[in-house]
Every structure is written in structure tokens, then in C-alpha cells.
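Only one structure is covered here, and it is reproduced in the block below.
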Amino acid sequence: MKITDARVVVSSPGRNYVTLVVETEDGVVGVGDATLNGRELAVAAYLQEHLCPLLVGRDASRIEDTWQYLYKGAYWRRGPVTMTAIAAVDVALWDIKGKVAGLPVYQLLGGAARDGVLVYGHADGQDVPELLERFQGYLDRGYKAVRIQSAVPGLAKTYGMSGGAGVYEPAKGSLPQQDSWETTLYLDHVPEVFRAVREEFGYGVHLLHDVHHRLTPVEAARLGKSLEPYRPFWIEDPTPAESQEAYRLIRQHTTTPIAVGEVLSSIWDVETLITERLIDYVRCSVAHTGGISHLRKIYALAELYGVRSGAHGAGDLSPVAHAAALHLDLATSNFGVQENMGHLDPAGEVFRWSYTFDDGYMHPGDAPGLGVELDEEAAARFPYDRRYLPVNRRLDGAVHDW
Ligand code: EZ4
Ligand code: CO
């Protein structure tokens, strides 16, 4: 079953998405997500200029062989651009394999290991009352797990705020916007936020929180300890994730569970975190970490060490990536939780998906393949629109981790 065409579709229905479309000689079409927020065209070019010419003429059924060919054949290893491009190819080939077999992808991965995929939503607020009100909205919709973020008093603008739009989208400016940060203000504020949410809603709902790489190890240890009474499900990315060793110190000081992985792109980037049991949840995404084939190897390694999955599922991952994640989640024994931010309405004009949400759980659906179709004519109505993620400065003006 030869591949006859591979093309890249860049569109912006509400935000930018890069989608790879692979077609076989029998007319089977597979899609893969290649969206890398704020650096979209780098991956589009990697695919269009360097990978698509290699795909035409290859056997679409040989997923692992193609993965190895693209990874080892590049010589240059890892990195988000390369791994996102390879992920898109991998996911498109799994989509094709499912369509050819007439089976949803999760059946090819061993079948359902659970009935549904626990997902968490994002509640945020400019102050605690606003956060509590939005939190109630998530409970009303059936969510069993909710990430809580709040503006920090004394900081003009910080991450994690949806601005009331319903879907949090940090990539806003045609040039980078500027956020502000001061660790001491943040560390004093977050325990108050958790206390307020627990007082209002009790302990029957999972609370998550994203630190977004802003702390040093000892600051992260302090945060973890200060949140212990409120029993978070996890704190996410407490320190910059490129230093796996930093997590040893955090681990020695707190029992608050830790989740890391959304900016990492390969099994080698999480090896120490997993094999030294420094984290509880590995948060790599199917779109940025080499696709289903590579992420399931990460999950298999994690299973050995009692680490569970907690896949990144931000709105900058397209419905194609979200579907791929749900298929893998459903079939993974050491699944933990799946992030679910949703997509702005225009995305539904370009992508049609068959995954569903019911009472806090999602299901990828039983359509053959991934269950997501791309409408290329509709995509053409939403041209690329350059957007940057913000940059972050401390109150003294120094650039800080965003
Ligand atoms: O800021 O995906 O957990 N979710 C997050 C995201 C990231 C964006 C960056 O593109 O941290 O909202
Ligand atoms: Co995050």
C-alpha cells in the first residue's frame, strides 16, 4: 500500500494548526498533527521540504520502519521541531492503518484498558471569587478533575488566564506579549487559592496546578510542602524541565505528586525522571514526542517504575492530536489523566471529530482510524496568522522562564 501524496495544511481556525495529510494509492487518507505553538512554520517546512519527499512511494503499513528511517536517517537527534514532524507522520500512518483495518486506533493498540478517559479542565480567575465561579461551571459540566490557576496580586499579567474566553490561549500577539513574575508573591498566593477551593468544594474533586517552569528546586519543594494539606492531584512543571536532576531535590522534600513532560520530546528526555521515580505523571504529548509509536514506549518504561501518564492536551494541539492521545490513553494500563482544554468554535469548521465527553470522561469513538477528518477547503478559508507565546520578565526587568 504505497503512499502517493503527503502534503502540509496550515490553517488558523481560531488559532494556527499544522496538519499533515498522507494519501495512499488506494485512496485512504490519514492525518497527523504537526502544530508547535509559536514555531508552526518551522515544522511545516521540515515536513514539506524534508519528509514529504521521503514518504511518497513508501509502504504506508510500515509504521515502525518509517519512524526509524526518519529519526535515524536525519542523523540530527531529538528536539521539538524534528520530533513534532516525525509525530505527524507516525499519527497519520496509524490513522491509515486503522482505516484499512476498519478499526479504531485504540483497538490496534491492544483494545480498551478502561471504559473512559478521565480528563481535567482549566478553571482560572483574576481573583479567587472569579475562579470559584468558573470552577463551579466545570463541576456542573461533570468534570472530576480541574486545573486551578489564578492571577497573582501584584503581578500585572501572568500565565494561565483565559480572560473569560472559555478556552485558554496563551499565543496572542503578532509579536510576543509580556508577562510579569515575582516568585515570592506567587509562593504566598497559591496556598490561599487551594485553601479557598477546598473550603468551597471539599475534597471530592481532583485539583491540579501548573507552575509553568518558574521555580528553582528549593522553591518548588516549598510550594509542594505548602500544598500538601490540600492534596493536589499534581503540580506541573515546577522547575524548568530540561534539568531532570533538579527533581531529586524536590522529591526529597514533598509528597505532592509531580507531573513533567510537555516541553520534552523524546524518551531520553524523561529517562532520569522515570527511572529514578522523580515524577508521578509523564506529560509528554503525542504531537510533540514522536507520535503514538514513541509515546507508547515512554508509557511502557513509565509502567515499570510506577509512573502514570498525564498527557498534555492544550488547545494548541489540534483535534487530530487530541484524538490520537485519547486512543492511546484508552489502551494504556498506567494511564493517569488527560488534559482537555477544548478548541475554539471555528476549529469545528475545519476538523470533524468523533471523540465524546460524558460526565468527566472522554472516549475516542469507534470510527475506523483516529476518527478525525480534515476539511481542506474549509481550512483554506482560515489562512496562517503569526502568533507568539508571551515572554516573561521579573519585576526588575530580567527575562524569566515563561
Ligand atoms: O502553555 O501548550 O498545561 N498546559 C500548558 C499549556 C502551554 C501551551 C504552550 O503552547 O502549560 O497551556
Ligand atoms: Co503545562
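Labels used: A, B, ... for chains in the order of the C-alpha cells, numbers from 1 for residues in each chain, and numbers from 1 for ligands as shown.
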Legend entry - Sel. of alpha helix (DSSP H) residues, range 48-184 of chain A, as a PyMOL selection string: chain A and resi 52-55+63-74+80-101+105-108+128-140+183-184
Legend entry - Nearby residues, ligand 2, 9 Å, only C-alpha atoms and all ligand atoms, as a ChimeraX atom specification: /A:160,209-213,236-237,260-263,283,312-314
Legend entry - Shell around Ala113 in chain A at 6 Å using only C-alpha atoms, local window under 4 positions removed, as number ranges by chain: A: 330-331, 333
Residues of the last selection are to be written out with N, CA, C and O atoms, as a PDB file, in the first residue's frame.
```
ATOM      1  N   LEU A 330      -6.801   5.324  26.245  1.00  0.00           N
ATOM      2  CA  LEU A 330      -7.789   4.269  26.500  1.00  0.00           C
ATOM      3  C   LEU A 330      -7.125   2.896  26.583  1.00  0.00           C
ATOM      4  O   LEU A 330      -7.555   2.038  27.345  1.00  0.00           O
ATOM      5  N   ALA A 331      -6.041   2.734  25.815  1.00  0.00           N
ATOM      6  CA  ALA A 331      -5.393   1.421  25.727  1.00  0.00           C
ATOM      7  C   ALA A 331      -4.204   1.265  26.682  1.00  0.00           C
ATOM      8  O   ALA A 331      -3.558   0.219  26.684  1.00  0.00           O
ATOM      9  N   SER A 333      -2.366   0.840  30.241  1.00  0.00           N
ATOM     10  CA  SER A 333      -2.718   0.349  31.587  1.00  0.00           C
ATOM     11  C   SER A 333      -2.338   1.369  32.653  1.00  0.00           C
ATOM     12  O   SER A 333      -3.046   1.523  33.642  1.00  0.00           O
TER      13      SER A 333
END
```
Inset, instruction - Would you please give, as an NGL selection string, all residues of range 144-228 of chain A that DSSP assigns to strand (DSSP E or B) based on the backbone? - result: :A and (145-150 or 173 or 178-181 or 206-210)
Can you write out the residues you just picked, keeping C-alpha atoms, as a compact mmCIF listing (two decimals), in the first residue's frame?
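In the end it all went to out.txt:
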```
# COMPACT_ATOMS: atom_id res chain seq x y z
CA ALA A 145 -10.61 16.94 37.85
CA VAL A 146 -9.88 20.64 37.34
CA ARG A 147 -6.67 22.64 36.98
CA ILE A 148 -6.79 25.84 39.02
CA GLN A 149 -4.85 28.99 38.10
CA SER A 150 -5.28 32.48 39.46
CA GLY A 173 0.34 38.65 19.91
CA GLN A 178 4.97 40.47 28.03
CA ASP A 179 4.02 38.77 31.28
CA SER A 180 5.39 39.63 34.72
CA TRP A 181 6.66 37.49 37.55
CA HIS A 206 -9.14 16.43 41.88
CA LEU A 207 -7.20 19.72 41.88
CA LEU A 208 -4.26 20.28 39.55
CA HIS A 209 -1.97 23.25 39.18
CA ASP A 210 0.60 24.28 36.56
```
Inset, instruction - Please identify all polymer residues within 12 Å of Arg114 in chain A, counting only C-alpha atoms, omitting same-chain residues fewer than 2 positions from it, and present them as a ChimeraX atom specification. - result: /A:106,110-112,116-118,326-336,361-363
Inset, instruction - Write out as a VMD selection string each polymer residue whose atoms come within 9 Å of Gly38 in chain A, counting only C-alpha atoms; drop sequence neighbours fewer than 2 positions from it. - result: chain A and resid 16 35 to 36 40 to 41 171 386 to 389
Legend entry - Among listed residues A:Val270, A:Ala151, A:Ala324, A:Val337, nearest Gly98 in chain A (using only C-alpha atoms): A:Ala324
Legend entry - Pick from A:Pro170, A:Gly310, A:Gly342, A:Pro240, whichever lies nearest to ligand 1 using only C-alpha atoms and all ligand atoms: A:Pro170
Legend entry - 9 Å contact set for Ala196 in chain A, only C-alpha atoms, chain neighbours under 4 positions out, as a PyMOL selection string: chain A and resi 128+132+191-192+200-201
